[in-house]
file my_file-v9.cif (mmCIF, C-alpha atoms)
data_protein
#
loop_
_atom_site.label_atom_id
_atom_site.label_comp_id
_atom_site.auth_asym_id
_atom_site.auth_seq_id
_atom_site.Cartn_x
_atom_site.Cartn_y
_atom_site.Cartn_z
CA MET A 1 -28.80 37.06 -6.27
CA ARG A 2 -31.89 35.40 -4.75
CA THR A 3 -32.98 34.22 -8.20
CA ARG A 4 -29.52 32.82 -8.90
CA GLU A 5 -29.54 30.99 -5.57
CA ARG A 6 -32.96 29.49 -6.36
CA ILE A 7 -31.65 28.27 -9.70
CA LEU A 8 -28.57 26.69 -8.11
CA GLU A 9 -30.67 25.07 -5.40
CA ALA A 10 -32.99 23.66 -8.06
CA ALA A 11 -30.04 22.47 -10.15
CA GLY A 12 -28.64 20.76 -7.08
CA LYS A 13 -31.90 18.91 -6.53
CA VAL A 14 -32.14 17.83 -10.16
CA PHE A 15 -28.48 16.80 -10.40
CA ASP A 16 -28.82 14.94 -7.10
CA ARG A 17 -31.88 13.08 -8.41
CA TYR A 18 -30.78 12.29 -11.97
CA GLY A 19 -27.06 12.93 -12.22
CA PHE A 20 -25.36 15.33 -14.63
CA GLY A 21 -26.07 13.37 -17.80
CA GLU A 22 -29.81 12.86 -17.31
CA ALA A 23 -30.63 16.26 -15.79
CA THR A 24 -32.43 18.69 -18.10
CA ILE A 25 -32.49 22.46 -18.17
CA SER A 26 -36.28 22.47 -18.52
CA GLU A 27 -36.71 20.54 -15.27
CA ILE A 28 -34.24 22.78 -13.45
CA ILE A 29 -36.24 25.82 -14.59
CA GLU A 30 -39.48 24.17 -13.45
CA VAL A 31 -38.11 23.21 -10.03
CA ALA A 32 -36.64 26.70 -9.57
CA GLY A 33 -39.99 28.29 -10.41
CA VAL A 34 -38.43 30.94 -12.64
CA THR A 35 -39.01 32.00 -16.22
CA LYS A 36 -36.68 30.97 -19.03
CA GLY A 37 -35.71 34.61 -19.38
CA ALA A 38 -34.68 34.85 -15.73
CA PHE A 39 -32.79 31.57 -15.97
CA TYR A 40 -30.78 32.52 -19.05
CA HIS A 41 -30.12 35.97 -17.64
CA HIS A 42 -27.97 34.26 -15.00
CA PHE A 43 -26.69 31.31 -17.03
CA LYS A 44 -26.10 32.29 -20.63
CA SER A 45 -24.29 29.68 -22.71
CA ASP A 46 -24.07 27.90 -26.04
CA GLY A 47 -26.50 25.01 -25.76
CA PRO A 48 -27.92 22.86 -22.95
CA VAL A 49 -24.73 20.89 -22.24
CA ALA A 50 -22.69 24.06 -21.85
CA THR A 51 -25.40 25.45 -19.58
CA LYS A 52 -25.31 22.35 -17.40
CA VAL A 53 -21.53 22.65 -17.20
CA LYS A 54 -21.90 26.24 -15.96
CA LEU A 55 -24.44 25.14 -13.37
CA ALA A 56 -22.22 22.29 -12.22
CA GLN A 57 -19.24 24.62 -11.90
CA ALA A 58 -21.29 27.12 -9.89
CA ILE A 59 -22.52 24.39 -7.54
CA LEU A 60 -18.99 23.08 -7.01
CA ASP A 61 -17.67 26.59 -6.39
CA SER A 62 -20.41 27.19 -3.82
CA THR A 63 -19.03 24.44 -1.57
CA LEU A 64 -15.98 26.59 -0.85
CA THR A 65 -18.06 29.58 0.21
CA GLY A 66 -19.13 27.44 3.16
CA THR A 67 -15.68 27.71 4.69
CA GLY A 68 -16.63 31.22 5.82
CA VAL A 69 -19.18 29.68 8.18
CA VAL A 70 -16.45 28.44 10.52
CA GLN A 71 -15.10 30.91 13.04
CA ASP A 72 -11.38 30.89 13.74
CA GLN A 73 -10.74 29.16 17.07
CA LYS A 74 -7.92 29.70 19.56
CA CYS A 75 -7.06 26.04 18.99
CA LYS A 76 -6.17 25.92 15.29
CA LEU A 77 -6.85 22.21 15.07
CA GLN A 78 -10.41 22.87 16.26
CA THR A 79 -10.91 25.18 13.27
CA TRP A 80 -9.74 22.38 11.00
CA VAL A 81 -12.11 19.88 12.61
CA ASP A 82 -14.99 22.36 12.53
CA THR A 83 -14.64 22.82 8.77
CA GLY A 84 -15.25 19.12 8.22
CA MET A 85 -17.99 18.77 10.83
CA VAL A 86 -20.13 21.62 9.52
CA LEU A 87 -19.81 20.27 5.99
CA SER A 88 -20.87 16.82 7.23
CA TYR A 89 -23.91 18.39 8.88
CA ARG A 90 -24.92 20.30 5.75
CA LEU A 91 -24.30 17.41 3.37
CA SER A 92 -27.24 15.41 4.72
CA ARG A 93 -29.55 18.43 4.52
CA GLU A 94 -28.68 20.35 1.34
CA PRO A 95 -29.34 18.77 -2.07
CA ALA A 96 -26.89 21.15 -3.75
CA LEU A 97 -24.04 19.88 -1.58
CA ARG A 98 -24.98 16.27 -2.23
CA ALA A 99 -25.08 17.07 -5.93
CA ALA A 100 -21.66 18.71 -5.65
CA LEU A 101 -20.26 15.56 -4.08
CA HIS A 102 -21.74 13.33 -6.79
CA LEU A 103 -20.54 15.67 -9.52
CA ALA A 104 -17.05 15.86 -8.07
CA MET A 105 -16.76 12.07 -7.71
CA HIS A 106 -17.74 11.35 -11.30
CA HIS A 107 -14.92 9.93 -13.41
CA THR A 108 -15.38 12.62 -16.10
CA ALA A 109 -15.52 15.54 -13.66
CA ARG A 110 -12.03 16.88 -14.31
CA GLU A 111 -12.52 17.03 -18.08
CA THR A 112 -16.18 18.08 -18.07
CA TYR A 113 -16.72 20.78 -15.44
CA GLY A 114 -13.76 20.64 -13.07
CA THR A 115 -13.32 19.43 -9.53
CA PRO A 116 -13.17 21.20 -6.16
CA TRP A 117 -10.73 18.73 -4.58
CA PRO A 118 -7.51 20.73 -5.10
CA ALA A 119 -9.13 23.83 -3.60
CA TRP A 120 -10.55 21.89 -0.64
CA THR A 121 -7.17 20.27 -0.03
CA GLN A 122 -5.57 23.72 -0.05
CA VAL A 123 -8.11 25.15 2.41
CA THR A 124 -7.74 22.31 4.91
CA SER A 125 -3.96 22.01 4.58
CA SER A 126 -3.60 25.74 5.28
CA GLN A 127 -5.61 25.27 8.47
CA LEU A 128 -3.50 22.30 9.46
CA ALA A 129 -0.31 24.24 8.73
CA GLU A 130 -1.44 26.88 11.24
CA ALA A 131 -1.96 24.13 13.81
CA ARG A 132 1.57 22.87 13.17
CA GLU A 133 3.04 26.36 13.58
CA VAL A 134 1.62 26.66 17.10
CA GLY A 135 2.77 23.19 18.15
CA GLU A 136 -0.54 21.32 18.04
CA LEU A 137 0.67 18.61 15.66
CA LEU A 138 3.18 15.81 15.99
CA PRO A 139 6.57 16.62 14.41
CA HIS A 140 6.29 14.21 11.47
CA VAL A 141 2.95 15.55 10.15
CA ASP A 142 2.93 17.03 6.64
CA PRO A 143 -0.31 19.08 6.28
CA ALA A 144 -0.61 18.79 2.49
CA SER A 145 -0.20 15.00 2.46
CA VAL A 146 -2.53 14.49 5.41
CA CYS A 147 -5.29 16.66 3.95
CA ARG A 148 -5.14 14.95 0.58
CA VAL A 149 -5.77 11.64 2.34
CA LEU A 150 -8.41 13.08 4.68
CA VAL A 151 -10.40 14.82 1.93
CA GLY A 152 -10.40 11.57 -0.04
CA ALA A 153 -11.42 9.56 3.02
CA TRP A 154 -14.21 12.02 3.88
CA ALA A 155 -15.65 11.98 0.36
CA GLY A 156 -15.38 8.21 0.09
CA LEU A 157 -17.02 7.75 3.47
CA ALA A 158 -19.94 9.93 2.39
CA VAL A 159 -20.46 7.88 -0.76
CA LEU A 160 -20.18 4.60 1.17
CA THR A 161 -22.58 5.77 3.89
CA SER A 162 -25.16 6.75 1.29
CA ALA A 163 -24.73 3.47 -0.58
CA ILE A 164 -25.10 1.30 2.54
CA ASP A 165 -27.77 3.25 4.42
CA GLY A 166 -29.67 4.76 1.51
CA ASP A 167 -29.20 8.27 2.92
CA LEU A 168 -26.71 10.39 4.87
CA SER A 169 -28.55 10.64 8.17
CA ALA A 170 -25.70 8.79 9.93
CA PHE A 171 -22.90 10.68 8.24
CA GLU A 172 -22.17 13.03 11.13
CA ARG A 173 -21.59 10.04 13.40
CA GLU A 174 -19.40 8.44 10.74
CA SER A 175 -17.41 11.68 10.51
CA VAL A 176 -16.73 11.46 14.24
CA ARG A 177 -15.25 7.99 13.73
CA LEU A 178 -13.06 9.37 10.96
CA TYR A 179 -11.59 11.98 13.28
CA GLU A 180 -11.22 9.42 16.05
CA LEU A 181 -9.00 7.40 13.74
CA PHE A 182 -7.04 10.29 12.23
CA LEU A 183 -6.38 12.57 15.18
CA PRO A 184 -4.13 10.28 17.29
CA ALA A 185 -1.77 10.03 14.30
CA LEU A 186 -1.66 13.80 13.83
CA ALA A 187 -2.09 15.74 17.02
CA VAL A 188 -0.39 16.18 20.36
CA PRO A 189 -2.40 14.14 22.93
CA SER A 190 -2.94 17.14 25.22
CA VAL A 191 -4.57 18.96 22.29
CA ILE A 192 -6.84 16.06 21.32
CA ILE A 193 -8.45 15.79 24.75
CA ASN A 194 -9.68 19.39 24.46
CA LEU A 195 -11.10 19.10 20.94
CA ASP A 196 -14.84 19.07 20.36
CA PHE A 197 -15.77 16.73 17.53
CA ALA A 198 -19.06 15.45 18.90
CA ALA A 199 -21.66 14.39 16.34
CA ASP A 200 -23.67 17.59 16.90
CA ARG A 201 -20.67 19.92 16.50
CA GLY A 202 -21.60 20.82 12.92
CA ALA A 203 -25.21 21.55 13.88
CA ARG A 204 -24.10 23.94 16.61
CA ILE A 205 -21.69 25.78 14.32
CA TRP A 206 -24.38 26.13 11.66
CA ALA A 207 -26.91 27.43 14.20
CA GLU A 208 -24.40 30.04 15.40
CA HIS A 209 -23.76 31.06 11.79
CA LEU A 210 -27.48 31.57 11.13
CA GLU A 211 -27.79 33.60 14.33
CA ARG A 212 -24.93 35.87 13.25
CA LYS A 213 -26.62 36.38 9.89
CA GLY A 214 -29.74 37.51 11.80
#
call {"tool": "encode", "arguments": {"input": "my_file-v9.cif", "output": "C-alpha cells"}}
result
Amino acid sequence: MRTRERILEAAGKVFDRYGFGEATISEIIEVAGVTKGAFYHHFKSDGPVATKVKLAQAILDSTLTGTGVVQDQKCKLQTWVDTGMVLSYRLSREPALRAALHLAMHHTARETYGTPWPAWTQVTSSQLAEAREVGELLPHVDPASVCRVLVGAWAGLAVLTSAIDGDLSAFERESVRLYELFLPALAVPSVIINLDFAADRGARIWAEHLERKG
C-alpha cells in the first residue's frame, strides 16, 4: 500500500506539472523512486495511455476517501461546511489533489478517465439533506440542486484563484467568502451564527485527523 501511495503521489505531481497528455510513465516512475516492476505490479495495463488512465482514475477516486477525515458534528450543517474547508486546506498543499482538480476540469475527462463530480455532489447533498431533516435549512432549499451549484462554484473558484494568483495560497480565504455568500440563502440565521467557517477551519480539522491517526 505504501508503494502504491508513493506512485499516486508521484503521478499527482507529474500530472499537476504537465497535465494528462504530456505526463509520461517513465517520469512518474522516476519521481516515485520505484522500479518498473513495482510500478507495473500495482498498475498493470495495455500500453502507456491505458496506464495513465488507471492512474488518473485512482487519483480522482482518492479525493473521496478524504471525506472520512471529517467528524460528524452535532450541527449537521457544520459537517457540510467542514467537508469543503478541509478540502480547501489540502488542495493548496497536496499535488495529487491539485492534479485531481485539473484532471476533473478537463473537457475530455468524462470520456477519457471519468469524473468525480457526481460522487462529490452526492456526498455533499446527503450531508445537506441531514441538515434539512433537523431544521437547519430554510424551507425552500433543495440539497441536490444547491450542492450541484456549490461544487461547481468551489471548483471554478479554485481554478480562478490559481489563474489570478499563480498558486492556491489564498484559496482557504476565498472559500470563506464562498460560504459567506451561500449560507444566508440556505440556512436558518440562528444556525449560521454558530457555524465555524474561519479560514483556518480546514487546518484544524486536518491536524485533529492526523492526531487521531497517531
call {"tool": "resolve_selection", "arguments": {"input": "my_file-v9.cif", "expression": "the PyMOL selection byres ((chain A and resi 69-73) around 8)", "output": "MDAnalysis selection string"}}
result
chainID A and resid 66:68 74:76 78:79 82:83 86 205:206 209
call {"tool": "write_last_selection", "arguments": {"input": "my_file-v9.cif", "atoms": "C-alpha atoms", "output": "compact mmCIF listing (two decimals), in the frame of the given file"}}
result
# COMPACT_ATOMS: atom_id res chain seq x y z
CA GLY A 66 -19.13 27.44 3.16
CA THR A 67 -15.68 27.71 4.69
CA GLY A 68 -16.63 31.22 5.82
CA LYS A 74 -7.92 29.70 19.56
CA CYS A 75 -7.06 26.04 18.99
CA LYS A 76 -6.17 25.92 15.29
CA GLN A 78 -10.41 22.87 16.26
CA THR A 79 -10.91 25.18 13.27
CA ASP A 82 -14.99 22.36 12.53
CA THR A 83 -14.64 22.82 8.77
CA VAL A 86 -20.13 21.62 9.52
CA ILE A 205 -21.69 25.78 14.32
CA TRP A 206 -24.38 26.13 11.66
CA HIS A 209 -23.76 31.06 11.79
call {"tool": "resolve_selection", "arguments": {"input": "my_file-v9.cif", "expression": "the PyMOL selection byres ((chain A and resi 182) around 12)", "output": "list of chain:residue names"}}
result
A:Val81, A:Leu137, A:Val141, A:Val146, A:Cys147, A:Val149, A:Leu150, A:Val151, A:Ala153, A:Trp154, A:Ser175, A:Val176, A:Arg177, A:Leu178, A:Tyr179, A:Glu180, A:Leu181, A:Leu183, A:Pro184, A:Ala185, A:Leu186, A:Ala187, A:Ile192
call {"tool": "residues_near_point", "arguments": {"input": "my_file-v9.cif", "point": "(-20.7, 17.9, 0.1)", "cutoff": "12 Å", "atoms": "all atoms listed in the file", "output": "NGL selection string"}}
result
:A and (12 or 16 or 59-67 or 83-105 or 116-117 or 120 or 151 or 154-159 or 168 or 171)
call {"tool": "residues_around", "arguments": {"input": "my_file-v9.cif", "residues": "Leu128 of chain A", "least_positions_apart": "4", "cutoff": "8 Å", "atoms": "only C-alpha atoms", "output": "list in words"}}
result
Lys76, Leu77, Trp80, Thr124, Arg132 and Pro143 of chain A
call {"tool": "resolve_selection", "arguments": {"input": "my_file-v9.cif", "expression": "the PyMOL selection byres ((chain A and resi 1) around 12)", "output": "PDB file with C-alpha atoms, in the coordinates of the input"}}
result
ATOM      1  CA  ARG A   2     -31.890  35.400  -4.750  1.00  0.00           C
ATOM      2  CA  THR A   3     -32.980  34.220  -8.200  1.00  0.00           C
ATOM      3  CA  ARG A   4     -29.520  32.820  -8.900  1.00  0.00           C
ATOM      4  CA  GLU A   5     -29.540  30.990  -5.570  1.00  0.00           C
ATOM      5  CA  ARG A   6     -32.960  29.490  -6.360  1.00  0.00           C
ATOM      6  CA  ILE A   7     -31.650  28.270  -9.700  1.00  0.00           C
ATOM      7  CA  LEU A   8     -28.570  26.690  -8.110  1.00  0.00           C
ATOM      8  CA  ALA A  38     -34.680  34.850 -15.730  1.00  0.00           C
ATOM      9  CA  PHE A  39     -32.790  31.570 -15.970  1.00  0.00           C
ATOM     10  CA  HIS A  41     -30.120  35.970 -17.640  1.00  0.00           C
ATOM     11  CA  HIS A  42     -27.970  34.260 -15.000  1.00  0.00           C
TER      12      HIS A  42
END
call {"tool": "atom_distance", "arguments": {"input": "my_file-v9.cif", "atom1": "atom CA of Ile28 of chain A", "atom2": "atom CA of Ala10 of chain A"}}
result
5.6 Å
call {"tool": "atom_distance", "arguments": {"input": "my_file-v9.cif", "atom1": "atom CA of Gln57 of chain A", "atom2": "atom CA of Asp165 of chain A"}}
result
28.2 Å
call {"tool": "atom_distance", "arguments": {"input": "my_file-v9.cif", "atom1": "atom CA of Tyr18 of chain A", "atom2": "atom CA of Lys54 of chain A"}}
result
17.0 Å
call {"tool": "closest_residue", "arguments": {"input": "my_file-v9.cif", "among": "A:Ala56, A:Gln127, A:Gly166, A:Phe197", "to": "Thr115 of chain A", "atoms": "all atoms listed in the file"}}
result
A:Ala56
call {"tool": "residues_near_point", "arguments": {"input": "my_file-v9.cif", "point": "(-38.7, 27.8, -17.9)", "cutoff": "12 Å", "atoms": "all atoms listed in the file", "output": "PyMOL selection string"}}
result
chain A and resi 7+24-41
call {"tool": "closest_residue", "arguments": {"input": "my_file-v9.cif", "among": "A:Gly135, A:Pro48, A:Ser126, A:Gly21", "to": "Ser190 of chain A", "atoms": "only C-alpha atoms"}}
result
A:Gly135
call {"tool": "closest_residue", "arguments": {"input": "my_file-v9.cif", "among": "A:Thr161, A:Val191, A:Glu111, A:Phe20", "to": "Glu136 of chain A", "atoms": "all atoms listed in the file"}}
result
A:Val191
call {"tool": "axis_aligned_box", "arguments": {"input": "my_file-v9.cif", "around": "segment 201-211 of chain A", "padding_each_side": "5 Å", "output": "AutoDock Vina command-line options"}}
result
--center_x -24.2 --center_y 26.8 --center_z 13.9 --size_x 17.1 --size_y 23.7 --size_z 15.5
call {"tool": "build_atoms", "arguments": {"input": "my_file-v9.cif", "residues": "segment 199-210 of chain A", "atoms": "all heavy atoms", "output": "mmCIF file, in the frame of the given file"}}
result
data_model
loop_
_atom_site.group_PDB
_atom_site.id
_atom_site.type_symbol
_atom_site.label_atom_id
_atom_site.label_comp_id
_atom_site.auth_asym_id
_atom_site.auth_seq_id
_atom_site.Cartn_x
_atom_site.Cartn_y
_atom_site.Cartn_z
ATOM 1 N N ALA A 199 -20.839 14.532 17.541
ATOM 2 C CA ALA A 199 -21.660 14.390 16.340
ATOM 3 C C ALA A 199 -22.516 15.639 16.069
ATOM 4 O O ALA A 199 -22.869 15.894 14.923
ATOM 5 C CB ALA A 199 -22.553 13.160 16.452
ATOM 6 N N ASP A 200 -22.838 16.396 17.111
ATOM 7 C CA ASP A 200 -23.670 17.590 16.900
ATOM 8 C C ASP A 200 -22.853 18.867 16.742
ATOM 9 O O ASP A 200 -23.407 19.962 16.719
ATOM 10 C CB ASP A 200 -24.660 17.756 18.057
ATOM 11 C CG ASP A 200 -23.981 18.113 19.375
ATOM 12 O OD1 ASP A 200 -22.750 17.874 19.509
ATOM 13 O OD2 ASP A 200 -24.666 18.614 20.276
ATOM 14 N N ARG A 201 -21.537 18.737 16.620
ATOM 15 C CA ARG A 201 -20.670 19.920 16.500
ATOM 16 C C ARG A 201 -21.048 20.754 15.274
ATOM 17 O O ARG A 201 -21.173 21.986 15.348
ATOM 18 C CB ARG A 201 -19.205 19.498 16.414
ATOM 19 C CG ARG A 201 -18.219 20.649 16.211
ATOM 20 C CD ARG A 201 -18.131 21.552 17.404
ATOM 21 N NE ARG A 201 -17.158 22.626 17.207
ATOM 22 C CZ ARG A 201 -16.978 23.638 18.036
ATOM 23 N NH1 ARG A 201 -17.694 23.747 19.135
ATOM 24 N NH2 ARG A 201 -16.066 24.561 17.794
ATOM 25 N N GLY A 202 -21.243 20.099 14.129
ATOM 26 C CA GLY A 202 -21.600 20.820 12.920
ATOM 27 C C GLY A 202 -22.919 21.558 13.052
ATOM 28 O O GLY A 202 -23.063 22.697 12.577
ATOM 29 N N ALA A 203 -23.899 20.925 13.693
ATOM 30 C CA ALA A 203 -25.210 21.550 13.880
ATOM 31 C C ALA A 203 -25.088 22.815 14.727
ATOM 32 O O ALA A 203 -25.730 23.838 14.437
ATOM 33 C CB ALA A 203 -26.170 20.566 14.548
ATOM 34 N N ARG A 204 -24.267 22.765 15.754
ATOM 35 C CA ARG A 204 -24.100 23.940 16.610
ATOM 36 C C ARG A 204 -23.406 25.086 15.885
ATOM 37 O O ARG A 204 -23.774 26.251 16.022
ATOM 38 C CB ARG A 204 -23.315 23.550 17.872
ATOM 39 C CG ARG A 204 -24.152 22.748 18.878
ATOM 40 C CD ARG A 204 -23.378 22.433 20.137
ATOM 41 N NE ARG A 204 -22.589 21.222 20.016
ATOM 42 C CZ ARG A 204 -21.281 21.129 20.233
ATOM 43 N NH1 ARG A 204 -20.587 22.206 20.562
ATOM 44 N NH2 ARG A 204 -20.650 19.974 20.126
ATOM 45 N N ILE A 205 -22.390 24.743 15.090
ATOM 46 C CA ILE A 205 -21.690 25.780 14.320
ATOM 47 C C ILE A 205 -22.639 26.427 13.326
ATOM 48 O O ILE A 205 -22.656 27.653 13.159
ATOM 49 C CB ILE A 205 -20.488 25.160 13.576
ATOM 50 C CG1 ILE A 205 -19.452 24.655 14.572
ATOM 51 C CG2 ILE A 205 -19.850 26.202 12.638
ATOM 52 C CD1 ILE A 205 -18.369 23.817 13.936
ATOM 53 N N TRP A 206 -23.446 25.607 12.659
ATOM 54 C CA TRP A 206 -24.380 26.130 11.660
ATOM 55 C C TRP A 206 -25.432 27.026 12.316
ATOM 56 O O TRP A 206 -25.780 28.079 11.776
ATOM 57 C CB TRP A 206 -25.035 24.977 10.916
ATOM 58 C CG TRP A 206 -25.878 25.407 9.759
ATOM 59 C CD1 TRP A 206 -27.227 25.283 9.617
ATOM 60 C CD2 TRP A 206 -25.429 26.030 8.546
ATOM 61 N NE1 TRP A 206 -27.650 25.784 8.410
ATOM 62 C CE2 TRP A 206 -26.572 26.251 7.737
ATOM 63 C CE3 TRP A 206 -24.172 26.426 8.078
ATOM 64 C CZ2 TRP A 206 -26.479 26.844 6.481
ATOM 65 C CZ3 TRP A 206 -24.092 27.018 6.820
ATOM 66 C CH2 TRP A 206 -25.236 27.221 6.045
ATOM 67 N N ALA A 207 -25.928 26.622 13.486
ATOM 68 C CA ALA A 207 -26.910 27.430 14.200
ATOM 69 C C ALA A 207 -26.313 28.791 14.596
ATOM 70 O O ALA A 207 -26.976 29.832 14.485
ATOM 71 C CB ALA A 207 -27.409 26.687 15.438
ATOM 72 N N GLU A 208 -25.067 28.794 15.038
ATOM 73 C CA GLU A 208 -24.400 30.040 15.400
ATOM 74 C C GLU A 208 -24.219 30.928 14.165
ATOM 75 O O GLU A 208 -24.375 32.153 14.239
ATOM 76 C CB GLU A 208 -23.036 29.745 16.032
ATOM 77 C CG GLU A 208 -23.134 29.104 17.415
ATOM 78 C CD GLU A 208 -21.797 28.578 17.899
ATOM 79 O OE1 GLU A 208 -20.786 28.766 17.168
ATOM 80 O OE2 GLU A 208 -21.746 27.978 18.985
ATOM 81 N N HIS A 209 -23.906 30.307 13.040
ATOM 82 C CA HIS A 209 -23.760 31.060 11.790
ATOM 83 C C HIS A 209 -25.076 31.736 11.401
ATOM 84 O O HIS A 209 -25.093 32.916 11.034
ATOM 85 C CB HIS A 209 -23.308 30.099 10.684
ATOM 86 C CG HIS A 209 -23.463 30.635 9.299
ATOM 87 N ND1 HIS A 209 -22.693 31.683 8.826
ATOM 88 C CD2 HIS A 209 -24.298 30.275 8.276
ATOM 89 C CE1 HIS A 209 -23.057 31.950 7.570
ATOM 90 N NE2 HIS A 209 -24.025 31.121 7.227
ATOM 91 N N LEU A 210 -26.171 31.003 11.485
ATOM 92 C CA LEU A 210 -27.480 31.570 11.130
ATOM 93 C C LEU A 210 -27.864 32.698 12.091
ATOM 94 O O LEU A 210 -28.469 33.697 11.678
ATOM 95 C CB LEU A 210 -28.542 30.471 11.160
ATOM 96 C CG LEU A 210 -28.403 29.364 10.102
ATOM 97 C CD1 LEU A 210 -29.501 28.333 10.268
ATOM 98 C CD2 LEU A 210 -28.406 29.946 8.701
#
